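Enquirer: Structure in structure tokens, see below.
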Amino acid sequence: MKVKKVSRKRYVGKVHNIGVSNHPNYFANQILVHNCYQDSSAHGKDADYYELHRLLESLAAMKVFELAIGGGEPTLYPSFPKLLEHCRELGIVPNFTTKNTQWLRNPSLARRIMDACGTFGVSVEDATKVRELRTLLDYNGFEDAHPNIHVVLGVVSDWDLREILRATNDCRFDTTLLSYKSTGRGKDFKPQDFRRWLEHVKEAMNHRHYQARIGIDTPLAAEFEEGLINQNVPKQCYETKEGGFSCYIDAVEMKIGVSSYSKEEMVSIAPPKHGEEDHRTQYQKIIDAFASF
């Protein structure tokens, strides 16, 4: 299918995200669409802002200095800028991951988000999205912004991975490579071959004009630890055990786990009642859970 023209039209009404079970992608009118919501459904709900506010107070009391916000689609959360700004007030640097770049087309919203966040990650599946992001940032006066490009290995082809890394070099972006998940929707996913990913990383790191900064997530490091050792990657540059230095909190269900895909092992951190006691109770629950990981 060849797209001949793209134009904007004013629209007022509901916009729905379609979630298809057991696969990260689906086809709509012969166009491949990626499920951006983690285990999304038509009945999803936003986290209660009061509960989020209280959770941030607990994290600040624990001296948490950095927070990674995901989703769902965090940029569509009604109080998203306010949430980022409150993190800053508490001394927490908020980062977030998104597939949506429409907020960059709203100058006032973009400025609030960029002023409050530490950085942000954008999930992509081809190099075109990387270059479009650079154009959007430059157009809005964010020439010095260096977001992190997230790439799920197995979802992109070997050729696309190489082109994405070349594009991130050209655009002066950082990159994080993630392993595809074999749980939840990913349990029936058939990944594309990505055995050469270390070769592509090495090529990008030796780029003559820009030395790429490339990170890898914990499951990928655990799966390819031998290859990382053979490539003389310092051990302090990666982690192979989930929950070693971070954890995952489901802010809707108020549960904590070693990662977003440890649903069965997650424990509740919801305080039992409203009042001053809530903060101390939740604080202790988070500490006890993290110590058990």
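Quick note on naming: the chains in the structure tokens go A, B, ... in the order shown, residues restart at 1 in each chain, and ligands are numbered from 1 in order of appearance.
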Counting only C-alpha atoms, which residues of segment 35-136 of chain A sit at most 10 Å from some atom of segment 230-250 of chain A, and what is each one's closest atom pair with its distance in Å to one decimal, listed by chain and rising residue number, as a tab-separated table?

Expert:
residue	atom	partner	partner_atom	distance
A:Ala47	CA	A:Asp250	CA	9.0
A:Leu55	CA	A:Ile249	CA	9.7
A:Val64	CA	A:Ser246	CA	9.9
A:Glu66	CA	A:Ser246	CA	9.9
A:Leu67	CA	A:Ser246	CA	9.5
A:Ala68	CA	A:Tyr248	CA	9.2
A:Ile69	CA	A:Ile249	CA	9.7
A:Gly70	CA	A:Asp250	CA	9.8
A:Gly71	CA	A:Asp250	CA	9.3

Enquirer: So that I can see what lies close to Val267 of chain A, please list as a list in words the residues with an atom at most 9 Å from it, counting only C-alpha atoms and leaving out residues fewer than 6 positions away in the same chain.

Expert: Met254, Lys255, Ile256, Gly257 and Ala289 of chain A

Enquirer: Give me every strand (DSSP E or B) residue in segment 105-210 of chain A, going by DSSP on the backbone, as a ChimeraX atom specification.

Expert: /A:120-123,148-153,156,174-179

Enquirer: Restricting the output to C-alpha atoms, write the selected residues as a PDB file, in the first residue's frame.

Expert:
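The new file again-v4.pdb reads:
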ATOM      1  CA  PHE A 120      12.037  10.767  27.531  1.00  0.00           C
ATOM      2  CA  GLY A 121      12.156   7.603  25.463  1.00  0.00           C
ATOM      3  CA  VAL A 122      10.328   7.017  22.201  1.00  0.00           C
ATOM      4  CA  SER A 123       9.581   3.475  21.016  1.00  0.00           C
ATOM      5  CA  ASN A 148      16.305   7.950  24.174  1.00  0.00           C
ATOM      6  CA  ILE A 149      15.158   5.776  21.275  1.00  0.00           C
ATOM      7  CA  HIS A 150      13.733   2.429  22.435  1.00  0.00           C
ATOM      8  CA  VAL A 151      13.950  -0.573  20.116  1.00  0.00           C
ATOM      9  CA  VAL A 152      12.496  -3.999  20.911  1.00  0.00           C
ATOM     10  CA  LEU A 153      14.710  -6.662  19.372  1.00  0.00           C
ATOM     11  CA  VAL A 156      12.236  -5.015  14.150  1.00  0.00           C
ATOM     12  CA  ASP A 174      20.740   7.783  22.769  1.00  0.00           C
ATOM     13  CA  THR A 175      19.371   4.281  22.235  1.00  0.00           C
ATOM     14  CA  THR A 176      18.067   1.542  24.509  1.00  0.00           C
ATOM     15  CA  LEU A 177      17.688  -1.989  23.169  1.00  0.00           C
ATOM     16  CA  LEU A 178      15.073  -4.180  24.824  1.00  0.00           C
ATOM     17  CA  SER A 179      14.340  -7.866  24.647  1.00  0.00           C
TER      18      SER A 179
END

Enquirer: My list of candidates is A:Gly118, A:Pro219, A:Gly154, A:Pro191. Which is closest to Arg88 of chain A when distances are computed with only C-alpha atoms?

Expert: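 The closest residue to Arg88 of chain A is A:Gly118.
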
Enquirer: List as a PyMOL selection string the protein and nucleic acid residues near segment 75-80 of chain A, meaning an atom at most 9 Å away when only C-alpha atoms are counted, but skip any in the same chain fewer than 6 places from it.

Expert: chain A and resi 46-47+49+96-98+100-103+113

Enquirer: Can you check which residues of segment 46-246 of chain A DSSP gives as alpha helix (DSSP H) on the backbone and send them as a ChimeraX atom specification?

Expert: /A:49-61,80-89,107-116,127-139,158-171,197-205,218-223,225-230

Enquirer: Please identify all polymer residues within 12 Å of Ala61 of chain A, counting only C-alpha atoms, omitting same-chain residues fewer than 5 positions from it, and present them as a count of residues only.

Expert: 13

Enquirer: For Lys129 of chain A, which of A:Lys99, A:Arg112, A:Lys63, A:Arg105 is the closest residue, counting only C-alpha atoms?

Expert: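 Checking each candidate against Lys129 of chain A, we get A:Lys99 as the closest.
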
Enquirer: Fewer than 6 positions away in the same chain doesn't count, so skip those; otherwise give me all residues within 10 Å of His53 of chain A, counting only C-alpha atoms, as a ChimeraX atom specification.

Expert: /A:83,86-87

Enquirer: Taking only C-alpha atoms into account, which of A:Lys82, A:Asp217, A:Ala110, A:Pro147 comes nearest Leu52 of chain A?

Expert: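 Ranked by minimum distance to Leu52 of chain A, first place goes to A:Lys82.
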
Enquirer: Which one of A:Leu198, A:Leu228, A:Leu165, A:Ala127 sits closest to Arg213 of chain A if you count only C-alpha atoms?

Expert: A:Leu165

Enquirer: Quick one: of A:Ala204, A:Val155, A:Val130, A:Ile214, who's nearest to Gln192 of chain A, counting only C-alpha atoms?

Expert: A:Val155

Enquirer: Report the distance between atom CA of Lys181 of chain A and atom CA of Ser260 of chain A in Å, rounded to one decimal place.

Expert: 10.3 Å
